[in-house]
file target.cif (mmCIF, C-alpha atoms)
data_final
#
loop_
_atom_site.label_atom_id
_atom_site.label_comp_id
_atom_site.auth_asym_id
_atom_site.auth_seq_id
_atom_site.Cartn_x
_atom_site.Cartn_y
_atom_site.Cartn_z
CA MET A 1 5.86 -6.41 7.51
CA THR A 2 4.46 -8.17 10.58
CA TRP A 3 0.90 -7.17 9.70
CA LEU A 4 1.07 -8.35 6.12
CA ARG A 5 2.76 -11.62 7.05
CA ASP A 6 0.18 -12.31 9.78
CA VAL A 7 -2.71 -11.47 7.46
CA LEU A 8 -1.55 -13.96 4.85
CA VAL A 9 -0.79 -16.71 7.35
CA ASP A 10 -4.11 -16.24 9.17
CA LEU A 11 -5.91 -16.14 5.85
CA ALA A 12 -4.28 -19.37 4.76
CA ASP A 13 -5.00 -21.14 8.05
CA ASP A 14 -8.46 -19.87 8.83
CA SER A 15 -9.97 -19.58 5.38
CA PRO A 16 -9.12 -22.40 3.00
CA GLN A 17 -12.37 -21.74 1.13
CA VAL A 18 -11.51 -19.26 -1.58
CA ASP A 19 -14.69 -17.21 -1.24
CA LEU A 20 -13.78 -16.17 2.31
CA ALA A 21 -10.55 -14.41 1.39
CA GLU A 22 -11.61 -10.78 1.63
CA ARG A 23 -13.79 -11.34 4.69
CA THR A 24 -10.96 -13.05 6.54
CA ILE A 25 -8.53 -10.22 5.80
CA ALA A 26 -11.06 -7.67 7.00
CA ALA A 27 -11.67 -9.63 10.19
CA HIS A 28 -7.96 -9.86 10.79
CA ASP A 29 -7.60 -6.13 10.25
CA ARG A 30 -10.19 -5.40 12.92
CA ARG A 31 -8.76 -7.93 15.33
CA ARG A 32 -5.06 -7.18 15.10
CA ARG A 33 -5.10 -3.46 14.34
CA THR A 34 -1.44 -3.39 13.51
CA VAL A 35 -2.52 -2.24 10.09
CA MET A 36 -0.09 -0.79 7.61
CA SER A 37 -1.91 1.57 5.30
CA HIS A 38 -1.52 -0.06 1.95
CA LEU A 39 -4.23 2.29 0.71
CA ALA A 40 -3.06 4.73 -1.91
CA ALA A 41 -4.10 7.77 0.11
CA ALA A 42 -2.12 6.59 3.12
CA MET A 43 1.09 5.76 1.32
CA ILE A 44 4.02 8.03 1.99
CA VAL A 45 6.04 6.96 -0.97
CA VAL A 46 3.75 5.33 -3.50
CA ILE A 47 5.09 6.47 -6.82
CA ALA A 48 3.33 6.86 -10.11
CA LEU A 49 4.29 4.18 -12.55
CA GLY A 50 5.22 4.77 -16.17
CA VAL A 51 4.09 2.70 -19.10
CA THR A 52 5.99 -0.25 -17.76
CA ALA A 53 4.92 0.28 -14.14
CA ALA A 54 7.84 -1.91 -13.27
CA VAL A 55 10.68 -2.01 -10.83
CA ARG A 56 12.65 1.21 -11.16
CA LEU A 57 16.34 1.56 -10.46
CA LEU A 58 18.30 4.53 -9.24
CA PRO A 59 19.19 7.21 -11.83
CA ASP A 60 22.78 5.98 -12.16
CA GLU A 61 21.63 2.46 -12.98
CA PRO A 62 19.77 1.21 -16.09
CA ARG A 63 16.01 1.64 -15.98
CA GLU A 64 13.74 -1.22 -16.85
CA ALA A 65 12.81 -1.09 -20.51
CA ALA A 66 9.34 -1.79 -21.83
CA ALA A 67 8.33 -5.43 -21.50
CA GLN A 68 9.96 -7.59 -24.17
CA GLY A 69 7.11 -10.10 -24.14
CA ASP A 70 7.63 -13.74 -23.15
CA LEU A 71 10.91 -15.02 -21.74
CA PRO A 72 13.07 -16.16 -24.70
CA ALA A 73 13.92 -19.83 -25.04
CA ARG A 74 17.63 -19.08 -24.45
CA GLY A 75 20.20 -16.32 -24.38
CA VAL A 76 18.84 -14.37 -21.42
CA GLU A 77 21.39 -12.48 -19.32
CA PRO A 78 21.48 -12.77 -15.50
CA LEU A 79 18.54 -11.34 -13.60
CA SER A 80 18.38 -8.37 -11.29
CA HIS A 81 15.03 -9.39 -9.74
CA ALA A 82 11.52 -10.61 -10.45
CA TYR A 83 8.13 -9.37 -9.34
CA LYS A 84 4.54 -10.55 -9.46
CA ILE A 85 1.82 -8.45 -11.07
CA PHE A 86 -1.85 -8.11 -10.24
CA CYS A 87 -3.94 -5.86 -12.42
CA LYS A 88 -6.60 -4.30 -10.21
CA PRO A 89 -4.82 -2.43 -7.44
CA LYS A 90 -6.78 0.00 -5.32
CA LYS A 91 -7.37 3.20 -7.25
CA GLY A 92 -4.85 5.94 -6.80
CA LYS A 93 -1.75 7.29 -8.50
CA ALA A 94 -0.23 3.83 -8.77
CA LYS A 95 -1.86 1.95 -11.61
CA ALA A 96 -1.39 -1.55 -12.95
CA PRO A 97 1.31 -2.01 -15.57
CA SER A 98 0.50 -1.50 -19.22
CA GLY A 99 -0.34 -4.86 -20.76
CA CYS A 100 -0.70 -6.33 -17.28
CA ARG A 101 -1.05 -10.11 -17.05
CA ASP A 102 -2.83 -10.94 -13.82
CA GLY A 103 -0.88 -13.10 -11.39
CA ARG A 104 2.14 -13.45 -13.69
CA TRP A 105 5.81 -13.25 -12.78
CA ARG A 106 7.91 -10.71 -14.62
CA VAL A 107 11.70 -11.05 -14.57
CA VAL A 108 14.11 -8.16 -15.10
CA THR A 109 17.70 -8.55 -16.31
CA ARG A 110 20.63 -6.55 -15.00
CA SER A 111 20.52 -4.33 -18.09
CA GLY A 112 16.81 -3.64 -17.57
CA LYS A 113 15.13 -5.99 -20.06
CA ALA A 114 11.84 -7.36 -18.75
CA TYR A 115 10.04 -10.57 -19.67
CA TYR A 116 6.98 -12.51 -18.55
CA VAL A 117 7.56 -16.08 -17.38
CA THR A 118 4.56 -17.57 -19.17
CA GLU A 119 5.57 -21.15 -18.36
CA ALA A 120 5.12 -20.45 -14.65
CA LEU A 121 1.63 -21.09 -13.33
CA PRO A 122 0.01 -17.71 -12.54
CA SER A 123 -1.11 -16.97 -9.01
CA LEU A 124 -4.81 -16.49 -8.48
CA SER A 125 -5.98 -12.96 -7.79
CA PRO A 126 -6.79 -12.40 -4.11
CA GLY A 127 -10.50 -11.82 -3.55
CA ARG A 128 -11.27 -12.23 -7.25
CA SER A 129 -10.30 -15.69 -8.43
CA GLY A 130 -9.56 -17.61 -5.27
CA LEU A 131 -6.37 -18.44 -3.43
CA ARG A 132 -3.28 -19.96 -5.03
CA ASP A 133 0.22 -18.62 -4.68
CA SER A 134 2.61 -19.71 -7.43
CA PRO A 135 6.20 -19.07 -6.23
CA LEU A 136 9.40 -18.24 -8.10
CA ALA A 137 13.05 -18.24 -7.01
CA ILE A 138 16.29 -16.94 -8.55
CA SER A 139 19.75 -18.44 -8.03
CA ARG A 140 22.30 -16.27 -6.28
CA ASP A 141 24.15 -15.52 -9.54
CA GLY A 142 20.90 -14.62 -11.32
CA ARG A 143 21.45 -17.23 -14.04
CA LYS A 144 18.74 -19.75 -13.10
CA ILE A 145 15.12 -19.59 -12.00
CA ALA A 146 12.80 -22.12 -10.36
CA TYR A 147 9.02 -22.05 -10.66
CA TYR A 148 5.91 -24.23 -10.77
CA SER A 149 5.41 -25.28 -14.39
CA ALA A 150 1.81 -25.01 -15.56
CA LYS A 151 2.46 -27.64 -18.23
CA GLU A 152 4.47 -30.14 -16.20
CA ARG A 153 2.43 -29.72 -13.00
CA THR A 154 5.53 -29.71 -10.87
CA PHE A 155 8.61 -27.59 -10.19
CA GLN A 156 11.09 -26.79 -12.90
CA VAL A 157 14.56 -25.18 -12.95
CA ARG A 158 15.58 -23.22 -16.04
CA ASP A 159 19.04 -22.06 -17.09
CA LEU A 160 18.45 -18.65 -18.65
CA ALA A 161 21.49 -18.64 -20.94
CA SER A 162 21.27 -22.16 -22.40
CA GLY A 163 17.52 -22.56 -22.01
CA GLU A 164 18.02 -26.00 -20.47
CA LYS A 165 15.13 -27.08 -18.24
CA THR A 166 15.21 -29.62 -15.45
CA THR A 167 11.85 -30.94 -14.28
CA ALA A 168 11.19 -32.59 -10.92
CA ALA A 169 10.47 -36.30 -11.18
CA ASP A 170 7.38 -36.15 -8.93
CA LYS A 171 4.20 -34.28 -9.75
CA VAL A 172 3.06 -31.68 -7.20
CA PRO A 173 -0.72 -31.01 -7.20
CA GLU A 174 -1.71 -27.35 -7.59
CA GLY A 175 -3.64 -27.65 -4.34
CA TRP A 176 -0.34 -28.05 -2.51
CA LEU A 177 0.74 -24.53 -3.45
CA GLY A 178 -1.42 -23.01 -0.74
CA SER A 179 -2.10 -19.33 -0.11
CA VAL A 180 1.43 -18.35 0.92
CA SER A 181 4.24 -20.24 -0.82
CA ARG A 182 7.98 -20.19 -0.25
CA LEU A 183 10.54 -21.40 -2.77
CA MET A 184 14.32 -21.57 -2.46
CA LEU A 185 16.80 -22.50 -5.21
CA SER A 186 20.33 -23.65 -4.43
CA ASP A 187 23.25 -21.77 -5.95
CA ASP A 188 23.99 -24.53 -8.46
CA GLY A 189 20.32 -25.10 -9.33
CA ARG A 190 20.36 -28.69 -8.08
CA PHE A 191 18.02 -28.35 -5.10
CA VAL A 192 14.59 -26.76 -4.82
CA ALA A 193 12.99 -26.33 -1.39
CA PHE A 194 9.26 -25.64 -1.17
CA SER A 195 6.97 -24.87 1.75
CA LYS A 196 3.59 -23.21 2.19
CA VAL A 197 0.63 -22.49 4.44
CA PRO A 198 -1.91 -23.85 5.08
CA ASP A 199 -0.19 -27.18 5.54
CA PHE A 200 -3.20 -29.54 5.79
CA LYS A 201 -1.69 -32.99 5.21
CA ASP A 202 0.58 -31.90 2.36
CA PRO A 203 4.29 -31.99 3.16
CA ALA A 204 6.92 -29.41 2.41
CA LEU A 205 9.48 -30.70 -0.07
CA LEU A 206 13.20 -30.69 -0.76
CA ILE A 207 13.75 -31.81 -4.36
CA ASP A 208 17.07 -33.04 -5.73
CA MET A 209 16.60 -32.15 -9.39
CA ARG A 210 19.75 -34.01 -10.47
CA ALA A 211 19.20 -37.30 -8.62
CA ARG A 212 15.43 -36.98 -9.21
CA VAL A 213 14.48 -37.77 -5.62
CA VAL A 214 12.32 -35.91 -3.10
CA ARG A 215 12.65 -35.46 0.65
CA GLU A 216 9.58 -34.49 2.69
CA LEU A 217 10.02 -31.64 5.18
CA PRO A 218 7.86 -30.19 7.96
CA ASN A 219 5.43 -27.64 6.58
CA ARG A 220 4.78 -24.04 7.65
CA TRP A 221 8.53 -23.51 7.99
CA ALA A 222 10.20 -21.12 5.51
CA PRO A 223 13.42 -22.54 4.01
CA ILE A 224 16.17 -19.95 4.48
CA GLY A 225 19.38 -21.89 3.96
CA LEU A 226 20.79 -25.11 2.52
CA SER A 227 24.23 -26.64 2.66
CA GLN A 228 26.05 -27.15 -0.64
CA ASP A 229 25.48 -30.92 -0.57
CA GLY A 230 21.81 -30.49 0.32
CA ALA A 231 22.22 -32.52 3.50
CA THR A 232 21.42 -29.72 5.99
CA ILE A 233 18.57 -27.25 5.74
CA THR A 234 17.77 -24.23 7.91
CA LEU A 235 14.12 -23.25 8.42
CA ALA A 236 12.31 -20.41 10.19
CA GLN A 237 8.79 -19.48 11.16
CA TYR A 238 6.97 -16.75 13.09
CA SER A 239 3.78 -18.36 14.36
CA PRO A 240 3.06 -18.65 17.21
CA ASN A 241 6.61 -17.53 18.10
CA SER A 242 9.78 -16.73 16.20
CA GLN A 243 11.56 -20.06 15.74
CA LEU A 244 14.57 -21.54 13.98
CA ARG A 245 15.02 -25.17 12.98
CA THR A 246 17.98 -27.05 11.56
CA ILE A 247 17.64 -30.52 10.03
CA THR A 248 20.75 -32.53 9.17
CA ASN A 249 21.31 -35.93 7.52
CA LEU A 250 18.51 -35.29 5.01
CA TRP A 251 19.60 -37.96 2.52
CA PRO A 252 18.67 -40.68 1.93
CA SER A 253 15.07 -39.53 1.89
CA SER A 254 14.07 -42.46 4.09
CA SER A 255 16.18 -41.03 6.92
CA ALA A 256 14.38 -39.30 9.75
CA GLY A 257 17.15 -36.73 9.89
CA ASN A 258 18.39 -34.95 12.99
CA SER A 259 16.38 -31.88 13.97
CA THR A 260 17.20 -29.02 16.33
CA SER A 261 14.51 -26.41 17.04
CA ILE A 262 14.71 -23.16 18.99
CA ILE A 263 11.77 -21.11 20.25
CA LEU A 264 12.92 -17.52 20.74
CA PRO A 265 11.69 -15.24 23.54
CA LYS A 266 11.24 -12.24 21.23
CA SER A 267 9.88 -11.53 17.77
CA TYR A 268 12.54 -11.21 15.09
CA ASP A 269 12.82 -10.74 11.35
CA PHE A 270 15.25 -13.30 9.92
CA SER A 271 17.72 -13.10 7.05
CA PRO A 272 18.68 -16.10 4.93
CA LEU A 273 21.46 -18.28 6.30
CA ALA A 274 24.77 -16.39 6.37
CA PRO A 275 27.76 -17.51 4.26
CA ASP A 276 29.33 -19.07 7.38
CA GLY A 277 26.50 -21.64 7.36
CA LYS A 278 25.71 -21.27 11.06
CA THR A 279 24.26 -17.80 11.70
CA VAL A 280 21.46 -15.55 10.50
CA ALA A 281 21.04 -11.80 10.81
CA VAL A 282 18.06 -10.77 12.89
CA ILE A 283 16.26 -7.50 13.54
CA ASP A 284 14.29 -7.08 16.74
CA ASP A 285 10.60 -6.52 15.89
CA ARG A 286 9.30 -4.00 18.43
CA SER A 287 5.87 -3.39 16.92
CA THR A 288 2.82 -3.11 19.14
CA ALA A 289 -0.85 -2.47 18.41
CA GLU A 290 -0.52 1.24 19.24
CA LYS A 291 3.01 1.61 17.91
CA PRO A 292 3.25 -0.58 14.80
CA CYS A 293 6.13 -0.73 12.30
CA ARG A 294 8.91 -0.35 14.84
CA TYR A 295 12.20 -2.15 14.44
CA GLY A 296 15.10 -2.47 16.83
CA ASP A 297 18.75 -3.42 16.63
CA LEU A 298 20.54 -5.69 14.21
CA ALA A 299 22.42 -8.76 15.43
CA LEU A 300 23.85 -12.10 14.33
CA MET A 301 22.19 -15.19 15.81
CA ASP A 302 23.48 -18.74 16.07
CA THR A 303 20.94 -21.00 14.35
CA LEU A 304 21.56 -23.95 16.69
CA THR A 305 21.55 -22.15 20.04
CA GLY A 306 19.61 -18.93 19.43
CA LYS A 307 22.40 -16.96 21.08
CA LYS A 308 23.00 -13.45 19.73
CA ARG A 309 26.21 -11.61 19.26
CA LYS A 310 26.34 -7.99 20.38
CA ALA A 311 23.42 -6.05 18.93
CA THR A 312 24.16 -3.02 16.75
CA ALA A 313 21.95 -0.01 16.07
CA ILE A 314 21.03 0.41 12.40
CA SER A 315 22.20 3.67 10.83
CA GLY A 316 21.99 5.22 7.38
CA LEU A 317 18.34 4.44 6.66
CA PRO A 318 15.87 7.28 6.04
CA PRO A 319 13.91 8.19 9.19
CA ASP A 320 10.59 7.25 7.56
CA VAL A 321 11.53 3.61 6.88
CA SER A 322 8.80 1.53 8.48
CA GLN A 323 9.35 -2.00 7.16
CA ILE A 324 12.48 -4.07 6.59
CA SER A 325 12.80 -7.43 4.86
CA LEU A 326 16.21 -9.10 5.07
CA ARG A 327 17.23 -10.80 1.83
CA THR A 328 20.36 -12.13 0.11
CA TRP A 329 23.82 -11.85 1.63
CA LEU A 330 26.19 -9.76 -0.47
CA SER A 331 29.29 -10.86 1.48
CA GLY A 332 30.16 -12.20 4.89
CA ASP A 333 29.61 -8.71 6.34
CA GLU A 334 26.67 -7.32 4.34
CA VAL A 335 23.10 -8.50 3.97
CA THR A 336 20.44 -6.97 1.73
CA ALA A 337 17.75 -5.00 3.55
CA LEU A 338 14.68 -4.29 1.41
CA THR A 339 12.72 -1.40 2.91
CA THR A 340 9.47 0.50 2.51
CA SER A 341 8.22 3.76 3.95
CA VAL A 342 4.49 3.41 4.47
CA ARG A 343 2.29 5.12 6.99
CA CYS A 344 1.54 2.75 9.87
CA ARG A 345 -1.54 3.52 11.93
CA PRO A 346 -2.13 2.50 15.54
CA ILE A 347 -5.18 0.50 16.54
CA SER A 348 -7.05 3.56 17.72
CA GLU A 349 -6.96 5.17 14.26
CA VAL A 350 -8.40 2.25 12.28
CA PRO A 351 -12.20 2.28 11.85
CA ASP A 352 -13.96 -1.02 12.50
CA ASP A 353 -15.72 -0.85 9.15
CA GLU A 354 -12.67 0.00 7.03
CA PRO A 355 -12.69 -2.30 3.99
CA ALA A 356 -9.83 -4.71 3.43
CA VAL A 357 -7.37 -4.15 0.61
CA VAL A 358 -6.90 -7.41 -1.28
CA ASP A 359 -4.97 -5.94 -4.21
CA PRO A 360 -2.80 -3.15 -2.79
CA PRO A 361 -1.35 -0.31 -4.85
CA TYR A 362 2.24 -0.45 -6.05
CA GLN A 363 4.81 1.09 -3.72
CA ALA A 364 8.47 2.02 -3.68
CA MET A 365 10.94 -0.39 -2.12
CA THR A 366 14.56 0.55 -1.60
CA ALA A 367 17.32 -2.02 -1.09
CA TYR A 368 20.31 -1.29 1.14
CA ALA A 369 23.47 -3.22 1.92
CA LEU A 370 23.38 -3.54 5.70
CA ASN A 371 26.69 -4.16 7.47
CA VAL A 372 26.09 -6.68 10.27
CA ARG A 373 29.21 -5.58 12.14
CA THR A 374 28.60 -1.83 12.18
CA GLY A 375 24.87 -1.53 11.42
CA LYS A 376 25.62 0.99 8.67
CA ALA A 377 23.44 0.92 5.55
CA ARG A 378 24.36 1.94 2.01
CA LYS A 379 21.80 2.36 -0.75
CA LEU A 380 21.69 -0.14 -3.62
CA ALA A 381 18.56 0.32 -5.74
CA THR A 382 14.89 1.23 -5.63
CA TYR A 383 12.13 -1.01 -6.99
CA THR A 384 8.37 -0.91 -7.33
CA ALA A 385 6.07 -3.78 -6.32
CA GLN A 386 2.84 -4.32 -4.41
CA ASN A 387 4.41 -5.84 -1.27
CA PHE A 388 7.41 -7.78 0.01
CA PHE A 389 5.79 -11.08 -0.98
CA SER A 390 5.58 -10.00 -4.61
CA ILE A 391 9.27 -9.28 -5.26
CA VAL A 392 12.14 -11.76 -5.52
CA LEU A 393 15.87 -10.96 -5.43
CA PRO A 394 18.63 -13.44 -6.37
CA GLY A 395 19.60 -15.89 -3.65
CA PRO A 396 17.73 -17.53 -0.77
CA PRO A 397 14.90 -15.41 0.63
CA GLY A 398 14.54 -14.46 4.24
CA ALA A 399 11.68 -15.80 6.33
CA LEU A 400 8.86 -13.71 4.85
#
call {"tool": "encode", "arguments": {"input": "target.cif", "output": "structure tokens"}}
result
Amino acid sequence: MTWLRDVLVDLADDSPQVDLAERTIAAHDRRRRTVMSHLAAAMIVVIALGVTAAVRLLPDEPREAAAQGDLPARGVEPLSHAYKIFCKPKKGKAKAPSGCRDGRWRVVTRSGKAYYVTEALPSLSPGRSGLRDSPLAISRDGRKIAYYSAKERTFQVRDLASGEKTTAADKVPEGWLGSVSRLMLSDDGRFVAFSKVPDFKDPALLIDMRARVVRELPNRWAPIGLSQDGATITLAQYSPNSQLRTITNLWPSSSAGNSTSIILPKSYDFSPLAPDGKTVAVIDDRSTAEKPCRYGDLALMDTLTGKKRKATAISGLPPDVSQISLRTWLSGDEVTALTTSVRCRPISEVPDDEPAVVDPPYQAMTAYALNVRTGKARKLATYTAQNFFSIVLPGPPGAL
């Protein structure tokens, strides 16, 4: 997780010219050497995809059916997840989906129906068509989505059952989308928070879709939590250190707000803001160049002080789990942990001339409910996607 996140951030910062994408990734690979083998031959659990090549659920849950085409105008049931598709993954057992639409988002309902969100601007293909990341978010109840509308040239919120669309009052240029985008949708669909790298001079945004006003936010920070009234936002970032930031008194938009920032002494993976509105779950990132993909204990952290409650060892995950991405809270005690089991190679095993992988093969990702009090994990479902950045679950995302 650390390697992939750093690659994308470095790529966005160091290589705004689209023709430098692959070269920048390769240079980063050689420099950092905390490379996860996203090559098909190095995958431990890359699974062959069927005709749908889509996210697959556990046997006791409904499988995703063949794609139903475009998202219907109305009458769509709540979503289970969404994932982004690119059509030229590195050769291997994992192939691109049948009828693949490059850079498109595909949403999957709880009963397994799958649709393409054709109204959402497609992302550009890394290394092939330039750099543009078009984000998508799902409300916690799975009944609404937010995305960048290709037609409206700004963000839009769509109610899946009624088909009602709410469009932001201000246009957002495509160039603001950047190479790594983050999007968060409030539970009621009223607020959309957007941030990206590289930041250049473009601000991050908090959009009140109902009042049709926009608040500028500091860029590079991933939005991970928002109060119900939209007045307080929680942000996180990893570069150059793990940091948390809370901004209060956000409205009116002319207000400077009150900001509290914390620079942490260690590297952590952050969850979204917990239901209590004042803590996040964190996992100690213990990766090094020679021992990559190592994670430590789980703990709750106060977002204003950075103080941790007693750390708890994680139990119940397979021994080969190498990456963890903390996602939506399921209750006050359980947070979703999305995991992969890929082979992670130390610096000494990576050849200097190994080519970069700009369109990785599809891989298995298993979600667990992780109890923040006991550290115990219970399995929820298994999906298939190219990486953590390409799959969205309902609710606010963690700090990818």
call {"tool": "axis_aligned_box", "arguments": {"input": "target.cif", "around": "segment 348-351 of chain A", "padding_each_side": "3 Å", "output": "JSON"}}
result
{"center_x": -9.6, "center_y": 3.7, "center_z": 14.8, "size_x": 11.2, "size_y": 8.9, "size_z": 11.9}
call {"tool": "resolve_selection", "arguments": {"input": "target.cif", "expression": "the PyMOL selection byres ((chain A and resi 232) around 9)", "output": "list in words"}}
result
Gly225, Leu226, Ser227, Gln228, Asp229, Gly230, Ala231, Ile233, Thr234, Thr246, Ile247, Thr248, Asn249 and Leu250 of chain A
call {"tool": "closest_residue", "arguments": {"input": "target.cif", "among": "A:Asp208, A:Asp333, A:Asp302, A:Asp202", "to": "Leu244 of chain A", "atoms": "all atoms listed in the file"}}
result
A:Asp302
call {"tool": "atom_distance", "arguments": {"input": "target.cif", "atom1": "atom CA of Ser139 of chain A", "atom2": "atom CA of Ile314 of chain A"}}
result
27.8 Å
call {"tool": "residues_around", "arguments": {"input": "target.cif", "residues": "Pro396 of chain A", "least_positions_apart": "2", "cutoff": "8 Å", "atoms": "only C-alpha atoms", "output": "ChimeraX atom specification"}}
result
/A:137-140,184-186,224-225,272,327-328,394,398
call {"tool": "write_last_selection", "arguments": {"input": "target.cif", "atoms": "C-alpha atoms", "output": "compact mmCIF listing (two decimals), keeping the file's coordinate frame"}}
result
# COMPACT_ATOMS: atom_id res chain seq x y z
CA ALA A 137 13.05 -18.24 -7.01
CA ILE A 138 16.29 -16.94 -8.55
CA SER A 139 19.75 -18.44 -8.03
CA ARG A 140 22.30 -16.27 -6.28
CA MET A 184 14.32 -21.57 -2.46
CA LEU A 185 16.80 -22.50 -5.21
CA SER A 186 20.33 -23.65 -4.43
CA ILE A 224 16.17 -19.95 4.48
CA GLY A 225 19.38 -21.89 3.96
CA PRO A 272 18.68 -16.10 4.93
CA ARG A 327 17.23 -10.80 1.83
CA THR A 328 20.36 -12.13 0.11
CA PRO A 394 18.63 -13.44 -6.37
CA GLY A 398 14.54 -14.46 4.24
call {"tool": "closest_residue", "arguments": {"input": "target.cif", "among": "A:Ala236, A:Ala274, A:Val372, A:Ile324", "to": "Ala299 of chain A", "atoms": "only C-alpha atoms"}}
result
A:Val372
